[in-house]
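Comments concern the structure below.
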Amino acid sequence: MDERTPRHLNSEDLWNYALRALGGRAHSTGEMREKLGRRAEKAEDVESVLARLKQSKYLDDRQFAEAYASARLANERFGKTRVLLDLRHRRVAPALAEKTVDAVYQDIDESALIEEWIRRKYRASPREGLFQEDKDLASAYRRLLRAGFRTGEIIRVLKKFAKNPQLLDSFEPPEETEE
């Protein structure tokens, strides 16, 4: 056996492995299923360990999604889109991720969040002319998109900071649908 190939685990060892993994950080059910699947001797052991973890309240996707979305908002101040994508990447069911993110961001003013993000990242107060060059404005726009903010809101806020805000007038954001 190659020394880099992990040893396959029986049901009880898989349970202990799962507890150690959850002791390190929270996981979604999907992440844990994948992690355990790589180490299980028998595939059916994965589902039994997952069921046992859920029954013992060690694994709860709703709680995981709420804590994750709340932490991303409180710590990184990311937009809804970024948090939603991150939750999907962490293997949370899309419907649960969307419902949770909507609930966490329910009372959040996205424009204020974007302004706060700009002040933090650029160490600036809201003033006209922060972005003197077109390339700086484009860079800020891309960074805000990656941070998970919606195009329309980004443009509205960037106009407050741009030396040449009329550049943003020609940009037509894609249609955003409210569901």
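By order in the structure tokens, chains are A, B, ...; within a chain, residues start at 1; ligands start at 1, following the order shown.
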message: I want to know what sits within 12 Å of stretch 133-135 of chain A, based on only C-alpha atoms, with residues of the same chain fewer than 4 positions away left out; could you give that as a ChimeraX atom specification?
response: /A:129,139-142,158,161-168
Would you mind exporting C-alpha atoms of the selected residues as a PDB file, in the first residue's frame?
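Generated output (result13.pdb):
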```pdb
ATOM      1  CA  GLY A 129     -12.995  61.116  -6.867  1.00  0.00           C
ATOM      2  CA  SER A 139     -10.851  47.057 -10.720  1.00  0.00           C
ATOM      3  CA  ALA A 140     -13.169  48.113  -7.888  1.00  0.00           C
ATOM      4  CA  TYR A 141     -16.169  46.943  -9.902  1.00  0.00           C
ATOM      5  CA  ARG A 142     -14.612  43.492 -10.435  1.00  0.00           C
ATOM      6  CA  LEU A 158     -19.386  53.476  -7.366  1.00  0.00           C
ATOM      7  CA  PHE A 161     -16.757  57.435  -5.457  1.00  0.00           C
ATOM      8  CA  ALA A 162     -15.853  57.963  -9.110  1.00  0.00           C
ATOM      9  CA  LYS A 163     -14.049  61.034 -10.405  1.00  0.00           C
ATOM     10  CA  ASN A 164     -15.886  60.514 -13.686  1.00  0.00           C
ATOM     11  CA  PRO A 165     -19.274  58.946 -12.698  1.00  0.00           C
ATOM     12  CA  GLN A 166     -20.780  59.381 -16.170  1.00  0.00           C
ATOM     13  CA  LEU A 167     -18.563  56.504 -17.336  1.00  0.00           C
ATOM     14  CA  LEU A 168     -20.862  54.229 -15.380  1.00  0.00           C
TER      15      LEU A 168
END
```
message: I want to know what sits within 10 Å of stretch 39-52 of chain A, based on only C-alpha atoms, with residues of the same chain fewer than 5 positions away left out; could you give that as a PyMOL selection string?
response: chain A and resi 5-18+29-30+32-34+57-59
May I have the residues from that selection written out with C-alpha atoms, as a PDB file, in the first residue's frame?
```pdb
ATOM      1  CA  THR A   5      -3.065   6.309   0.214  1.00  0.00           C
ATOM      2  CA  PRO A   6      -5.306   6.695   3.262  1.00  0.00           C
ATOM      3  CA  ARG A   7      -6.220   3.559   5.151  1.00  0.00           C
ATOM      4  CA  HIS A   8      -9.821   2.463   4.645  1.00  0.00           C
ATOM      5  CA  LEU A   9     -11.848   2.504   7.831  1.00  0.00           C
ATOM      6  CA  ASN A  10     -14.509   0.226   9.242  1.00  0.00           C
ATOM      7  CA  SER A  11     -17.780   1.660  10.561  1.00  0.00           C
ATOM      8  CA  GLU A  12     -16.558   2.481  14.095  1.00  0.00           C
ATOM      9  CA  ASP A  13     -13.277   4.002  12.899  1.00  0.00           C
ATOM     10  CA  LEU A  14     -15.234   5.992  10.314  1.00  0.00           C
ATOM     11  CA  TRP A  15     -17.433   7.358  13.132  1.00  0.00           C
ATOM     12  CA  ASN A  16     -14.338   8.449  15.084  1.00  0.00           C
ATOM     13  CA  TYR A  17     -12.835   9.977  11.933  1.00  0.00           C
ATOM     14  CA  ALA A  18     -16.055  11.953  11.375  1.00  0.00           C
ATOM     15  CA  THR A  29     -23.725  16.759   5.068  1.00  0.00           C
ATOM     16  CA  GLY A  30     -22.496  16.798   1.469  1.00  0.00           C
ATOM     17  CA  MET A  32     -18.968  14.929   5.173  1.00  0.00           C
ATOM     18  CA  ARG A  33     -20.420  12.346   2.753  1.00  0.00           C
ATOM     19  CA  GLU A  34     -17.570  13.066   0.334  1.00  0.00           C
ATOM     20  CA  LYS A  57     -27.092  16.498  16.337  1.00  0.00           C
ATOM     21  CA  TYR A  58     -23.458  16.722  15.241  1.00  0.00           C
ATOM     22  CA  LEU A  59     -24.494  17.310  11.636  1.00  0.00           C
TER      23      LEU A  59
END
```
With a distance cut-off of 12 Å and only C-alpha atoms, select the neighbouring residues of A:Gly148, excluding the residue or stretch itself and same-chain residues fewer than 3 positions from it, and output the selection as an mmCIF file with C-alpha atoms, in the first residue's frame.
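The resulting file, out.cif, is shown below:
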```
data_model
loop_
_atom_site.group_PDB
_atom_site.id
_atom_site.type_symbol
_atom_site.label_atom_id
_atom_site.label_comp_id
_atom_site.auth_asym_id
_atom_site.auth_seq_id
_atom_site.Cartn_x
_atom_site.Cartn_y
_atom_site.Cartn_z
ATOM 1 C CA ARG A 72 -19.502 35.561 6.244
ATOM 2 C CA LEU A 73 -21.716 38.624 6.666
ATOM 3 C CA GLU A 76 -15.982 39.496 5.615
ATOM 4 C CA ARG A 77 -19.097 41.590 4.876
ATOM 5 C CA PHE A 78 -19.650 39.720 1.617
ATOM 6 C CA GLY A 79 -22.731 40.110 -0.544
ATOM 7 C CA LYS A 80 -25.521 37.555 -0.849
ATOM 8 C CA THR A 81 -24.325 36.101 -4.134
ATOM 9 C CA ARG A 82 -20.874 35.255 -2.795
ATOM 10 C CA VAL A 83 -22.236 33.608 0.336
ATOM 11 C CA LEU A 84 -24.756 31.638 -1.707
ATOM 12 C CA LEU A 85 -22.036 30.375 -4.049
ATOM 13 C CA ASP A 86 -19.793 29.505 -1.115
ATOM 14 C CA VAL A 101 -28.995 33.475 2.800
ATOM 15 C CA GLU A 110 -26.753 46.306 0.207
ATOM 16 C CA LEU A 113 -22.696 47.206 2.802
ATOM 17 C CA ILE A 114 -20.946 48.089 -0.464
ATOM 18 C CA TRP A 117 -16.696 47.348 1.923
ATOM 19 C CA TYR A 141 -16.169 46.943 -9.902
ATOM 20 C CA ARG A 142 -14.612 43.492 -10.435
ATOM 21 C CA ARG A 143 -13.647 43.195 -6.780
ATOM 22 C CA LEU A 144 -17.183 44.074 -5.701
ATOM 23 C CA LEU A 145 -18.618 41.500 -8.106
ATOM 24 C CA THR A 151 -24.335 44.890 -10.546
ATOM 25 C CA GLU A 153 -26.085 48.320 -6.571
ATOM 26 C CA ILE A 154 -22.359 48.319 -7.350
#
```
DSSP helix (DSSP H, G or I) residues within stretch 40-124 of chain A, as number ranges by chain: A: 43-55, 61-76, 80-89, 94-104, 110-122
Which residue of A:Ile155, A:Ser111, A:Ala65, A:Arg150 approaches A:Ala138 most closely, using only C-alpha atoms: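 Ranked by minimum distance to A:Ala138, first place goes to A:Ile155.
With only C-alpha atoms as the atoms that count, the minimum distance from A:Asp61 to the choices A:Val92, A:Ala112, A:Leu87, A:Ala74 is reached by A:Val92.
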- prompt: Taking into account only C-alpha atoms, which residue in the set A:Arg25, A:Arg20, A:Lys160, A:Lys35 is nearest to A:Arg91?
  reply: A:Lys35
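Considering the residues A:Leu130, A:Asp60, A:Gly23, A:Ile118 and counting only C-alpha atoms, A:Leu96 has its shortest atom-to-atom contact with A:Asp60.
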task: Between atom CA of A:Ala26 and atom CA of A:Arg90, measure the distance and give it in Å to one decimal.
output: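 Separation between atom CA of A:Ala26 and atom CA of A:Arg90: 10.4 Å.
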